[in-house]
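The next block is work-v2.txt, given as compact mmCIF, C-alpha atoms.
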```txt
# COMPACT_ATOMS: atom_id res chain seq x y z
CA MET A 7 0.00 0.00 0.00
CA PHE A 8 2.80 2.38 0.84
CA ASN A 9 6.29 2.31 -0.50
CA GLN A 10 9.04 0.91 1.68
CA GLN A 11 10.12 4.11 3.38
CA SER A 12 6.79 5.01 4.87
CA ASN A 13 5.96 1.40 5.62
CA ASN A 14 6.94 1.09 9.24
CA ASN A 15 4.40 3.07 11.18
CA ASN A 16 1.30 2.34 9.18
CA ASN A 17 1.04 -1.34 9.93
CA ALA A 18 -2.38 -0.91 11.57
CA ILE A 19 -3.98 0.49 8.41
CA GLU A 20 -2.02 -1.86 6.15
CA GLN A 21 -3.04 -4.94 8.10
CA LEU A 22 -6.67 -3.83 7.96
CA VAL A 23 -6.48 -3.28 4.19
CA TYR A 24 -4.83 -6.68 3.79
CA SER A 25 -7.45 -8.54 5.81
CA LEU A 26 -10.28 -6.71 4.01
CA SER A 27 -8.72 -7.46 0.60
CA ARG A 28 -8.82 -11.19 1.38
CA LEU A 29 -12.61 -11.19 1.75
CA PRO A 30 -14.70 -12.50 -1.16
CA SER A 31 -15.69 -9.91 -3.80
CA LEU A 32 -13.07 -7.43 -2.53
CA GLY A 33 -9.68 -6.59 -4.02
CA THR A 34 -6.91 -4.30 -2.80
CA ARG A 35 -8.48 -1.19 -4.31
CA SER A 36 -11.92 -1.68 -2.77
CA ALA A 37 -10.29 -2.75 0.52
CA ARG A 38 -8.44 0.60 0.59
CA ARG A 39 -11.67 2.48 -0.13
CA ILE A 40 -13.45 0.64 2.70
CA ALA A 41 -10.58 1.20 5.14
CA LEU A 42 -10.63 4.95 4.45
CA HIS A 43 -14.42 5.01 4.67
CA LEU A 44 -14.17 3.38 8.12
CA LEU A 45 -11.35 5.68 9.27
CA ARG A 46 -13.38 8.75 8.30
CA ARG A 47 -16.50 7.50 10.07
CA ARG A 48 -15.11 6.05 13.29
CA GLU A 49 -18.23 6.51 15.43
CA ALA A 50 -20.89 6.06 12.75
CA THR A 51 -19.48 3.07 10.88
CA LEU A 52 -16.25 1.60 12.26
CA LEU A 53 -17.35 1.04 15.87
CA PRO A 54 -20.82 -0.37 14.96
CA LEU A 55 -19.16 -2.74 12.46
CA ILE A 56 -16.74 -3.97 15.12
CA SER A 57 -19.58 -4.56 17.57
CA ASN A 58 -21.65 -6.42 14.95
CA LEU A 59 -18.69 -8.63 14.05
CA GLN A 60 -17.96 -9.28 17.72
CA ASN A 61 -21.61 -10.11 18.34
CA VAL A 62 -21.57 -12.67 15.54
CA ALA A 63 -18.23 -14.10 16.71
CA ASP A 64 -19.56 -14.50 20.25
CA ASN A 65 -23.07 -15.73 19.63
CA ILE A 66 -23.46 -17.61 16.36
CA LYS A 67 -23.42 -21.38 16.66
CA ILE A 68 -23.83 -24.24 14.19
CA CYS A 69 -27.15 -26.04 14.60
CA GLN A 70 -26.49 -29.68 15.62
CA ILE A 71 -29.54 -30.88 13.67
CA CYS A 72 -29.34 -29.12 10.31
CA ARG A 73 -25.92 -27.35 10.43
CA ASN A 74 -27.46 -23.89 9.87
CA PHE A 75 -25.84 -20.82 11.51
CA ASP A 76 -27.95 -19.32 14.29
CA VAL A 77 -27.76 -17.71 17.72
CA ASN A 78 -29.58 -20.76 19.04
CA ASP A 79 -28.69 -24.45 18.81
CA PRO A 80 -30.90 -26.18 17.61
CA CYS A 81 -31.61 -23.33 15.22
CA ASN A 82 -34.71 -21.21 14.86
CA ILE A 83 -35.92 -23.24 11.88
CA CYS A 84 -35.49 -26.65 13.55
CA THR A 85 -37.36 -25.51 16.68
CA ASN A 86 -40.13 -23.61 14.86
CA HIS A 87 -43.47 -25.38 15.53
CA ASN A 88 -44.99 -24.02 12.33
CA ARG A 89 -42.54 -25.88 10.13
CA ASP A 90 -43.10 -29.35 8.74
CA LYS A 91 -40.41 -31.56 10.32
CA SER A 92 -41.22 -34.46 7.95
CA ILE A 93 -39.71 -32.73 4.89
CA ILE A 94 -35.97 -32.13 4.68
CA CYS A 95 -34.44 -29.92 2.00
CA VAL A 96 -30.77 -30.73 1.37
CA VAL A 97 -28.75 -27.64 0.38
CA GLU A 98 -25.04 -27.19 -0.23
CA ASP A 99 -24.57 -24.07 1.82
CA VAL A 100 -26.15 -21.74 4.37
CA ALA A 101 -26.32 -19.15 1.53
CA ASP A 102 -28.64 -21.57 -0.32
CA LEU A 103 -30.77 -21.97 2.81
CA TRP A 104 -31.07 -18.16 3.01
CA ALA A 105 -32.04 -17.99 -0.68
CA MET A 106 -34.69 -20.66 -0.09
CA GLU A 107 -36.03 -18.77 2.94
CA ARG A 108 -36.21 -15.55 0.94
CA SER A 109 -38.40 -17.30 -1.64
CA GLY A 110 -40.82 -17.76 1.28
CA LEU A 111 -42.42 -20.88 -0.16
CA TYR A 112 -40.73 -23.70 1.71
CA LYS A 113 -42.07 -24.61 5.15
CA GLY A 114 -40.07 -27.76 5.91
CA VAL A 115 -36.65 -28.08 7.55
CA TYR A 116 -33.11 -28.29 6.13
CA HIS A 117 -29.90 -30.20 6.01
CA VAL A 118 -26.89 -28.03 5.14
CA LEU A 119 -24.14 -30.12 3.54
CA GLY A 120 -21.52 -27.39 3.82
CA GLY A 121 -19.94 -28.41 0.52
CA VAL A 122 -20.06 -31.09 -2.16
CA LEU A 123 -18.36 -34.47 -2.52
CA SER A 124 -14.93 -34.04 -4.04
CA ALA A 125 -12.20 -36.67 -4.28
CA ILE A 126 -9.61 -34.03 -5.19
CA ASP A 127 -10.36 -31.84 -2.16
CA GLY A 128 -10.79 -34.90 0.06
CA ILE A 129 -14.43 -34.07 0.89
CA THR A 130 -16.09 -37.33 1.97
CA PRO A 131 -19.73 -38.04 2.94
CA GLU A 132 -18.74 -37.63 6.61
CA HIS A 133 -17.62 -34.04 5.99
CA LEU A 134 -21.08 -33.30 4.58
CA GLY A 135 -22.84 -34.87 7.56
CA ILE A 136 -24.57 -37.41 5.31
CA ASP A 137 -24.33 -40.08 8.05
CA LYS A 138 -26.24 -37.73 10.37
CA LEU A 139 -28.77 -37.03 7.61
CA LEU A 140 -29.41 -40.78 7.15
CA LYS A 141 -29.82 -41.23 10.90
CA ARG A 142 -32.28 -38.33 10.94
CA ILE A 143 -34.27 -39.87 8.08
CA ASN A 144 -34.38 -43.16 10.00
CA ASP A 145 -35.33 -41.68 13.37
CA CYS A 146 -37.69 -38.83 12.51
CA HIS A 147 -40.31 -40.28 10.13
CA ILE A 148 -39.25 -38.15 7.19
CA ARG A 149 -41.79 -38.22 4.32
CA GLU A 150 -39.87 -36.31 1.69
CA LEU A 151 -36.25 -35.46 0.97
CA ILE A 152 -35.70 -32.59 -1.48
CA LEU A 153 -32.25 -32.70 -3.09
CA ALA A 154 -31.68 -28.98 -3.72
CA THR A 155 -27.96 -29.01 -4.42
CA ASN A 156 -26.72 -26.67 -7.14
CA ALA A 157 -27.25 -27.64 -10.78
CA THR A 158 -23.49 -28.05 -11.22
CA VAL A 159 -21.61 -31.29 -11.90
CA ASP A 160 -20.41 -31.53 -8.29
CA GLY A 161 -23.80 -30.63 -6.87
CA GLN A 162 -25.58 -33.21 -9.00
CA THR A 163 -22.96 -35.87 -8.18
CA THR A 164 -23.58 -35.28 -4.50
CA ALA A 165 -27.35 -35.48 -5.02
CA HIS A 166 -26.88 -38.76 -6.91
CA TYR A 167 -24.74 -40.15 -4.10
CA ILE A 168 -27.38 -39.35 -1.47
CA ASN A 169 -30.12 -40.82 -3.69
CA ASP A 170 -28.12 -44.03 -4.33
CA THR A 171 -27.33 -44.45 -0.64
CA LEU A 172 -31.02 -44.14 0.25
CA GLN A 173 -32.05 -46.58 -2.50
CA LEU A 174 -29.70 -49.15 -0.92
CA LEU A 175 -31.40 -48.65 2.44
CA ASN A 176 -34.67 -49.53 0.71
CA LYS A 177 -36.78 -46.83 2.37
CA THR A 178 -40.02 -47.33 0.45
CA ASP A 179 -41.99 -44.72 2.43
CA LEU A 180 -39.55 -41.89 1.60
CA LYS A 181 -40.19 -39.69 -1.43
CA ILE A 182 -37.00 -38.24 -2.93
CA THR A 183 -37.43 -35.16 -5.12
CA LYS A 184 -35.31 -32.61 -6.94
CA LEU A 185 -35.96 -28.98 -7.93
CA ALA A 186 -37.46 -28.53 -11.39
CA GLN A 187 -35.08 -27.48 -14.14
CA GLY A 188 -36.18 -25.08 -16.84
CA ILE A 189 -36.35 -21.49 -17.98
CA PRO A 190 -35.85 -18.93 -15.17
CA ILE A 191 -38.69 -16.42 -14.69
CA GLY A 192 -37.93 -13.49 -16.97
CA GLY A 193 -35.43 -15.57 -18.94
CA GLU A 194 -35.10 -15.12 -22.69
CA LEU A 195 -34.68 -18.25 -24.80
CA ASP A 196 -31.94 -16.66 -26.87
CA TYR A 197 -29.72 -16.13 -23.83
CA LEU A 198 -30.24 -19.56 -22.24
CA ASP A 199 -27.55 -22.21 -22.48
CA ASP A 200 -28.41 -25.29 -24.55
CA GLY A 201 -28.56 -27.62 -21.54
CA THR A 202 -31.23 -25.54 -19.78
CA LEU A 203 -33.27 -25.22 -22.95
CA ALA A 204 -33.06 -28.98 -23.55
CA ALA A 205 -34.13 -29.68 -19.95
CA ALA A 206 -37.06 -27.26 -20.26
CA MET A 207 -38.15 -28.87 -23.53
CA LYS A 208 -37.92 -32.38 -22.09
CA ALA A 209 -39.97 -31.39 -19.02
CA ARG A 210 -42.61 -29.40 -20.96
CA TYR A 211 -46.12 -29.60 -19.53
CA ALA A 212 -49.68 -29.35 -20.83
CA VAL A 213 -51.35 -25.97 -20.24
CA MET B 8 -32.38 -11.23 4.33
CA PHE B 9 -34.82 -13.67 5.84
CA ASN B 10 -38.53 -13.62 5.49
CA GLN B 11 -40.57 -12.32 8.38
CA GLN B 12 -41.19 -15.58 10.20
CA SER B 13 -37.57 -16.52 10.71
CA ASN B 14 -36.54 -12.94 11.31
CA ASN B 15 -36.48 -12.79 15.08
CA ASN B 16 -33.51 -14.82 16.15
CA ASN B 17 -31.07 -13.98 13.42
CA ASN B 18 -30.58 -10.34 14.22
CA ALA B 19 -26.87 -10.81 14.82
CA ILE B 20 -26.21 -12.06 11.29
CA GLU B 21 -28.69 -9.66 9.76
CA GLN B 22 -27.16 -6.64 11.46
CA LEU B 23 -23.73 -7.72 10.28
CA VAL B 24 -24.95 -8.13 6.71
CA TYR B 25 -26.62 -4.72 6.90
CA SER B 26 -23.54 -2.92 8.18
CA LEU B 27 -21.33 -4.67 5.60
CA SER B 28 -23.76 -3.80 2.80
CA ARG B 29 -23.43 -0.10 3.62
CA LEU B 30 -19.68 -0.09 2.96
CA PRO B 31 -18.49 1.34 -0.37
CA SER B 32 -18.26 -1.15 -3.28
CA LEU B 33 -20.45 -3.68 -1.41
CA GLY B 34 -24.11 -4.50 -1.94
CA THR B 35 -26.44 -6.85 -0.09
CA ARG B 36 -25.37 -9.90 -2.09
CA SER B 37 -21.65 -9.45 -1.55
CA ALA B 38 -22.30 -8.50 2.11
CA ARG B 39 -24.06 -11.86 2.56
CA ARG B 40 -21.16 -13.68 0.91
CA ILE B 41 -18.67 -11.94 3.19
CA ALA B 42 -20.76 -12.60 6.32
CA LEU B 43 -20.91 -16.33 5.51
CA HIS B 44 -17.21 -16.38 4.67
CA LEU B 45 -16.50 -14.87 8.09
CA LEU B 46 -18.89 -17.24 9.91
CA ARG B 47 -17.22 -20.25 8.32
CA ARG B 48 -13.73 -19.04 9.19
CA ARG B 49 -14.17 -17.72 12.71
CA GLU B 50 -10.58 -18.25 13.89
CA ALA B 51 -8.78 -17.70 10.59
CA THR B 52 -10.63 -14.64 9.29
CA LEU B 53 -13.35 -13.23 11.58
CA LEU B 54 -11.30 -12.80 14.77
CA PRO B 55 -8.21 -11.35 12.98
CA LEU B 56 -10.47 -8.90 11.12
CA ILE B 57 -12.07 -7.78 14.40
CA SER B 58 -8.66 -7.26 15.98
CA ASN B 59 -7.38 -5.30 12.95
CA LEU B 60 -10.47 -3.07 12.99
CA GLN B 61 -10.15 -2.55 16.75
CA ASN B 62 -6.47 -1.75 16.37
CA VAL B 63 -7.27 0.92 13.79
CA ALA B 64 -10.14 2.30 15.89
CA ASP B 65 -7.86 2.55 18.94
CA ASN B 66 -4.65 3.83 17.41
CA ILE B 67 -5.17 5.82 14.22
CA LYS B 68 -5.06 9.57 14.66
CA ILE B 69 -5.32 12.53 12.28
CA CYS B 70 -1.99 14.32 11.83
CA GLN B 71 -2.30 17.90 13.13
CA ILE B 72 0.09 19.18 10.46
CA CYS B 73 -1.04 17.55 7.20
CA ARG B 74 -4.32 15.78 8.20
CA ASN B 75 -3.05 12.34 7.12
CA PHE B 76 -4.19 9.21 9.03
CA ASP B 77 -1.40 7.61 11.06
CA VAL B 78 -0.66 5.86 14.35
CA ASN B 79 1.51 8.87 15.22
CA ASP B 80 0.63 12.56 15.39
CA PRO B 81 2.43 14.32 13.69
CA CYS B 82 2.42 11.57 11.11
CA ASN B 83 5.29 9.49 9.82
CA ILE B 84 5.64 11.62 6.69
CA CYS B 85 5.72 14.95 8.52
CA THR B 86 8.38 13.69 10.98
CA ASN B 87 10.53 11.87 8.39
CA HIS B 88 13.93 13.61 8.20
CA ASN B 89 14.51 12.38 4.66
CA ARG B 90 11.57 14.31 3.28
CA ASP B 91 11.76 17.83 1.93
CA LYS B 92 9.64 19.97 4.26
CA SER B 93 9.80 22.96 1.88
CA ILE B 94 7.48 21.35 -0.72
CA ILE B 95 3.81 20.77 0.10
CA CYS B 96 1.58 18.66 -2.14
CA VAL B 97 -2.12 19.51 -1.70
CA VAL B 98 -4.37 16.44 -2.22
CA GLU B 99 -8.11 16.01 -1.79
CA ASP B 100 -8.03 12.82 0.18
CA VAL B 101 -5.83 10.37 2.12
CA ALA B 102 -6.46 7.92 -0.74
CA ASP B 103 -4.72 10.39 -3.08
CA LEU B 104 -1.82 10.68 -0.63
CA TRP B 105 -1.52 6.86 -0.66
CA ALA B 106 -1.60 6.84 -4.48
CA MET B 107 1.15 9.48 -4.56
CA GLU B 108 3.24 7.48 -2.07
CA ARG B 109 2.84 4.34 -4.18
CA SER B 110 4.25 6.19 -7.19
CA GLY B 111 7.38 6.56 -5.04
CA LEU B 112 8.56 9.73 -6.76
CA TYR B 113 7.48 12.46 -4.37
CA LYS B 114 9.73 13.24 -1.41
CA GLY B 115 8.04 16.34 -0.02
CA VAL B 116 5.20 16.60 2.51
CA TYR B 117 1.43 16.87 2.12
CA HIS B 118 -1.68 18.80 2.97
CA VAL B 119 -4.84 16.65 2.90
CA LEU B 120 -7.91 18.80 2.20
CA GLY B 121 -10.39 16.05 3.07
CA GLY B 122 -12.81 17.20 0.37
CA VAL B 123 -13.38 19.99 -2.13
CA LEU B 124 -15.09 23.36 -1.88
CA SER B 125 -18.82 23.01 -2.40
CA ALA B 126 -21.47 25.64 -1.80
CA ILE B 127 -24.23 23.01 -2.04
CA ASP B 128 -22.71 20.72 0.58
CA GLY B 129 -21.63 23.71 2.69
CA ILE B 130 -17.93 22.86 2.46
CA THR B 131 -15.99 26.06 3.17
CA PRO B 132 -12.22 26.73 3.13
CA GLU B 133 -12.16 26.18 6.91
CA HIS B 134 -13.44 22.61 6.49
CA LEU B 135 -10.52 21.93 4.15
CA GLY B 136 -7.98 23.39 6.58
CA ILE B 137 -6.91 26.02 4.05
CA ASP B 138 -6.35 28.56 6.83
CA LYS B 139 -3.91 26.12 8.45
CA LEU B 140 -2.24 25.54 5.09
CA LEU B 141 -1.72 29.30 4.60
CA LYS B 142 -0.28 29.60 8.11
CA ARG B 143 2.05 26.70 7.35
CA ILE B 144 3.19 28.36 4.12
CA ASN B 145 3.89 31.59 6.04
CA ASP B 146 5.70 29.96 8.95
CA CYS B 147 7.70 27.13 7.38
CA HIS B 148 9.59 28.68 4.43
CA ILE B 149 7.73 26.67 1.80
CA ARG B 150 9.39 26.85 -1.64
CA GLU B 151 6.78 25.05 -3.71
CA LEU B 152 3.10 24.22 -3.43
CA ILE B 153 1.85 21.45 -5.74
CA LEU B 154 -1.90 21.64 -6.32
CA ALA B 155 -2.66 17.94 -6.91
CA THR B 156 -6.45 18.01 -6.56
CA ASN B 157 -8.40 15.75 -8.91
CA ALA B 158 -8.88 16.86 -12.52
CA THR B 159 -12.62 17.30 -11.90
CA VAL B 160 -14.57 20.56 -11.89
CA ASP B 161 -14.73 20.65 -8.08
CA GLY B 162 -11.09 19.67 -7.69
CA GLN B 163 -9.95 22.37 -10.13
CA THR B 164 -12.21 25.00 -8.53
CA THR B 165 -10.61 24.26 -5.18
CA ALA B 166 -7.12 24.49 -6.71
CA HIS B 167 -8.05 27.84 -8.27
CA TYR B 168 -9.33 29.12 -4.93
CA ILE B 169 -6.07 28.22 -3.19
CA ASN B 170 -4.05 29.76 -6.00
CA ASP B 171 -6.09 33.00 -5.95
CA THR B 172 -5.83 33.28 -2.16
CA LEU B 173 -2.04 32.91 -2.34
CA GLN B 174 -1.77 35.48 -5.17
CA LEU B 175 -3.56 37.98 -2.92
CA LEU B 176 -0.99 37.34 -0.18
CA ASN B 177 1.66 38.29 -2.74
CA LYS B 178 4.12 35.54 -1.80
CA THR B 179 6.70 36.08 -4.52
CA ASP B 180 9.14 33.42 -3.25
CA LEU B 181 6.52 30.62 -3.49
CA LYS B 182 6.28 28.54 -6.66
CA ILE B 183 2.76 27.16 -7.27
CA THR B 184 2.55 24.16 -9.61
CA LYS B 185 -0.02 21.69 -10.87
CA LEU B 186 0.30 18.10 -12.11
CA ALA B 187 0.79 17.76 -15.88
CA GLN B 188 -2.27 16.84 -17.91
CA GLY B 189 -1.96 14.55 -20.89
CA ILE B 190 -2.15 11.02 -22.19
CA PRO B 191 -1.90 8.36 -19.44
CA ILE B 192 0.92 5.81 -19.83
CA GLY B 193 -0.47 2.94 -21.92
CA GLY B 194 -3.38 5.14 -23.05
CA GLU B 195 -4.75 4.82 -26.57
CA LEU B 196 -5.70 8.02 -28.38
CA ASP B 197 -8.92 6.52 -29.68
CA TYR B 198 -10.23 5.89 -26.17
CA LEU B 199 -9.25 9.26 -24.67
CA ASP B 200 -11.86 11.93 -24.05
CA ASP B 201 -11.55 15.07 -26.16
CA GLY B 202 -10.54 17.29 -23.23
CA THR B 203 -7.55 15.13 -22.34
CA LEU B 204 -6.45 14.93 -25.96
CA ALA B 205 -6.76 18.71 -26.35
CA ALA B 206 -4.74 19.27 -23.16
CA ALA B 207 -2.06 16.84 -24.34
CA MET B 208 -1.87 18.56 -27.74
CA LYS B 209 -1.63 22.02 -26.19
CA ALA B 210 1.17 20.91 -23.82
CA ARG B 211 3.16 18.98 -26.47
CA TYR B 212 6.93 19.11 -26.09
CA ALA B 213 9.97 18.89 -28.36
CA VAL B 214 11.68 15.48 -28.36
```
Take the structure from the file and write it as structure tokens.
Amino acid sequence: MFNQQSNNNNNAIEQLVYSLSRLPSLGTRSARRIALHLLRRREATLLPLISNLQNVADNIKICQICRNFDVNDPCNICTNHNRDKSIICVVEDVADLWAMERSGLYKGVYHVLGGVLSAIDGITPEHLGIDKLLKRINDCHIRELILATNATVDGQTTAHYINDTLQLLNKTDLKITKLAQGIPIGGELDYLDDGTLAAAMKARYAV
Amino acid sequence: MFNQQSNNNNNAIEQLVYSLSRLPSLGTRSARRIALHLLRRREATLLPLISNLQNVADNIKICQICRNFDVNDPCNICTNHNRDKSIICVVEDVADLWAMERSGLYKGVYHVLGGVLSAIDGITPEHLGIDKLLKRINDCHIRELILATNATVDGQTTAHYINDTLQLLNKTDLKITKLAQGIPIGGELDYLDDGTLAAAMKARYAV
């Protein structure tokens, strides 16, 4: 950030810029802008940000049932009496759970994998809590399992693995579903990739 | 971030996402990504970031001489014996000072305005510390004043104001300069705006 001569005394600002620049969607230039923004607004922005970060660091736990982040364990969703505990939606990430909650349609509970199966990265079913998921399906009278992993190769491989494992267990009373594939709302055919268009054509329905 | 029903217990995460989303160059989506990134890496990223922010909040002061941010007051640049105290470079912002330092060429000292003159926003010469700058020019045997405000209308208006004020004081031993305008290094003529090209043509030099 500075040249060598003025380096010594500004370690506090430099370290802040460095740690900001390592965050996703930020580079060195935006990290510098944010650092200056915070320095200029110590009371209005910097101190509240520190207290919010500290609050999260102190209070957020991982739910032992579904692996969601929450101030409570089990989380707010797992303990909510209005939610249908017999439907589990399997998502890759807490971000996907948030996206699902924003849609406002789903009233069941979740299982957050926290990643996808990957031989290269050494991610095994245990890392994704799939053993716990199977135990939960066995113990809790689950009616439906929605495999809502991303529509990527890794996401679909992981969904296949979970499906195959459950088929082996021969759970005839469990319905396993996946999210529909097709044209996004507002999507234009011309801009869609061929795979999506093919999937939408294959799954066309009578109106 | 969440829908209404699951709103109550997640205030800690929501407040963090909100305060992150208010930072420059971040929106709600990238704020969510960063919040999750921090939650997943509590020890490796979240706690170091908090300590860096706290360190800056506790230790960074505004230099009484040049209005730079530093852990020391007067700042590292103002107290550096290797720098020429008889040349002052006037910049709008600490970010501009950092940019100048990165170029590594300038060995004088600075005056950080912290903004530009603006009747609409009520920014007067006092807000920019111009009175202190004039006092410094009077007291410290300044040889040269470099007006390095941005090449915007407001930046140039502010530079003109400072220049006019100094002309009135009739300081004949003070050289007032501005940064050269012209084609940026690596710039292509075709992509330059007309004003820059005209300025470069007017200031052409013999090779």
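Note that atom CA of Asp77 of chain B and atom CA of Ser110 of chain B are 19.2 Å apart.
Neighbouring residues of segment 41-54 of chain B at 7 Å or closer, counting all atoms listed in the file and skipping chain neighbours under 5 positions away, are Leu29, Pro30 and Ala63 of chain A; Leu23 and Val24 of chain B.
We find atom CA of Glu107 of chain A and atom CA of Gly193 of chain A to be spaced 22.1 Å apart.
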Give the residues of chain B that lie within 7 Å of chain A; count only C-alpha atoms, and format the answer as a PyMOL selection string.
chain B and resi 8-10+13+16-17+19-20+22-23+26+30-32+37+40-41+49+56-57+59-64+77-78+83-84+105+108-109+111
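The space separating atom CA of Ile95 of chain B from atom CA of His118 of chain B comes to 6.5 Å.
Distance annotation: of A:Thr164, A:Gln173, A:Asn144, A:Asn156, the residue with the minimal separation from Ile129 of chain A is A:Thr164; atom set is all atoms listed in the file.
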So that I can see what lies close to Val122 of chain A, please list as a ChimeraX atom specification the residues with an atom at most 12 Å from it, counting only C-alpha atoms and leaving out residues fewer than 5 positions away in the same chain.
/A:96-99,127-136,154-168
Store the residues picked out above, limited to C-alpha atoms, as a PDB file, keeping the file's coordinate frame.
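Final output, result21.pdb:
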```
ATOM      1  CA  VAL A  96     -30.770 -30.730   1.370  1.00  0.00           C
ATOM      2  CA  VAL A  97     -28.750 -27.640   0.380  1.00  0.00           C
ATOM      3  CA  GLU A  98     -25.040 -27.190  -0.230  1.00  0.00           C
ATOM      4  CA  ASP A  99     -24.570 -24.070   1.820  1.00  0.00           C
ATOM      5  CA  ASP A 127     -10.360 -31.840  -2.160  1.00  0.00           C
ATOM      6  CA  GLY A 128     -10.790 -34.900   0.060  1.00  0.00           C
ATOM      7  CA  ILE A 129     -14.430 -34.070   0.890  1.00  0.00           C
ATOM      8  CA  THR A 130     -16.090 -37.330   1.970  1.00  0.00           C
ATOM      9  CA  PRO A 131     -19.730 -38.040   2.940  1.00  0.00           C
ATOM     10  CA  GLU A 132     -18.740 -37.630   6.610  1.00  0.00           C
ATOM     11  CA  HIS A 133     -17.620 -34.040   5.990  1.00  0.00           C
ATOM     12  CA  LEU A 134     -21.080 -33.300   4.580  1.00  0.00           C
ATOM     13  CA  GLY A 135     -22.840 -34.870   7.560  1.00  0.00           C
ATOM     14  CA  ILE A 136     -24.570 -37.410   5.310  1.00  0.00           C
ATOM     15  CA  ALA A 154     -31.680 -28.980  -3.720  1.00  0.00           C
ATOM     16  CA  THR A 155     -27.960 -29.010  -4.420  1.00  0.00           C
ATOM     17  CA  ASN A 156     -26.720 -26.670  -7.140  1.00  0.00           C
ATOM     18  CA  ALA A 157     -27.250 -27.640 -10.780  1.00  0.00           C
ATOM     19  CA  THR A 158     -23.490 -28.050 -11.220  1.00  0.00           C
ATOM     20  CA  VAL A 159     -21.610 -31.290 -11.900  1.00  0.00           C
ATOM     21  CA  ASP A 160     -20.410 -31.530  -8.290  1.00  0.00           C
ATOM     22  CA  GLY A 161     -23.800 -30.630  -6.870  1.00  0.00           C
ATOM     23  CA  GLN A 162     -25.580 -33.210  -9.000  1.00  0.00           C
ATOM     24  CA  THR A 163     -22.960 -35.870  -8.180  1.00  0.00           C
ATOM     25  CA  THR A 164     -23.580 -35.280  -4.500  1.00  0.00           C
ATOM     26  CA  ALA A 165     -27.350 -35.480  -5.020  1.00  0.00           C
ATOM     27  CA  HIS A 166     -26.880 -38.760  -6.910  1.00  0.00           C
ATOM     28  CA  TYR A 167     -24.740 -40.150  -4.100  1.00  0.00           C
ATOM     29  CA  ILE A 168     -27.380 -39.350  -1.470  1.00  0.00           C
TER      30      ILE A 168
END
```
Just want the 9 Å neighbourhood of segment 180-191 of chain B, counted on all atoms listed in the file, with same-chain residues fewer than 3 positions away dropped. Output as a ChimeraX atom specification.
/B:144,148-156,158,166,170,173,177,194-196,199,203-208,210-211
Produce the centre coordinates and the three edge lengths, each in Å to one decimal, of the box along x, y and z that contains all listed atoms of segment 92-98 of chain B with 8 Å added on each side, as JSON.
```
{"center_x": 2.7, "center_y": 19.7, "center_z": 1.0, "size_x": 30.2, "size_y": 22.5, "size_z": 22.5}
```
Residues near Gly114 of chain A, cut-off 8 Å, all atoms listed in the file, skip fewer than 6 positions along chain, as an MDAnalysis selection string:
chainID A and resid 89:95
Writer output for current selection, C-alpha atoms, as a tab-separated table (two decimals), in the coordinates of the input:
```tsv
chain	number	residue	atom	x	y	z
A	89	ARG	CA	-42.54	-25.88	10.13
A	90	ASP	CA	-43.10	-29.35	8.74
A	91	LYS	CA	-40.41	-31.56	10.32
A	92	SER	CA	-41.22	-34.46	7.95
A	93	ILE	CA	-39.71	-32.73	4.89
A	94	ILE	CA	-35.97	-32.13	4.68
A	95	CYS	CA	-34.44	-29.92	2.00
```
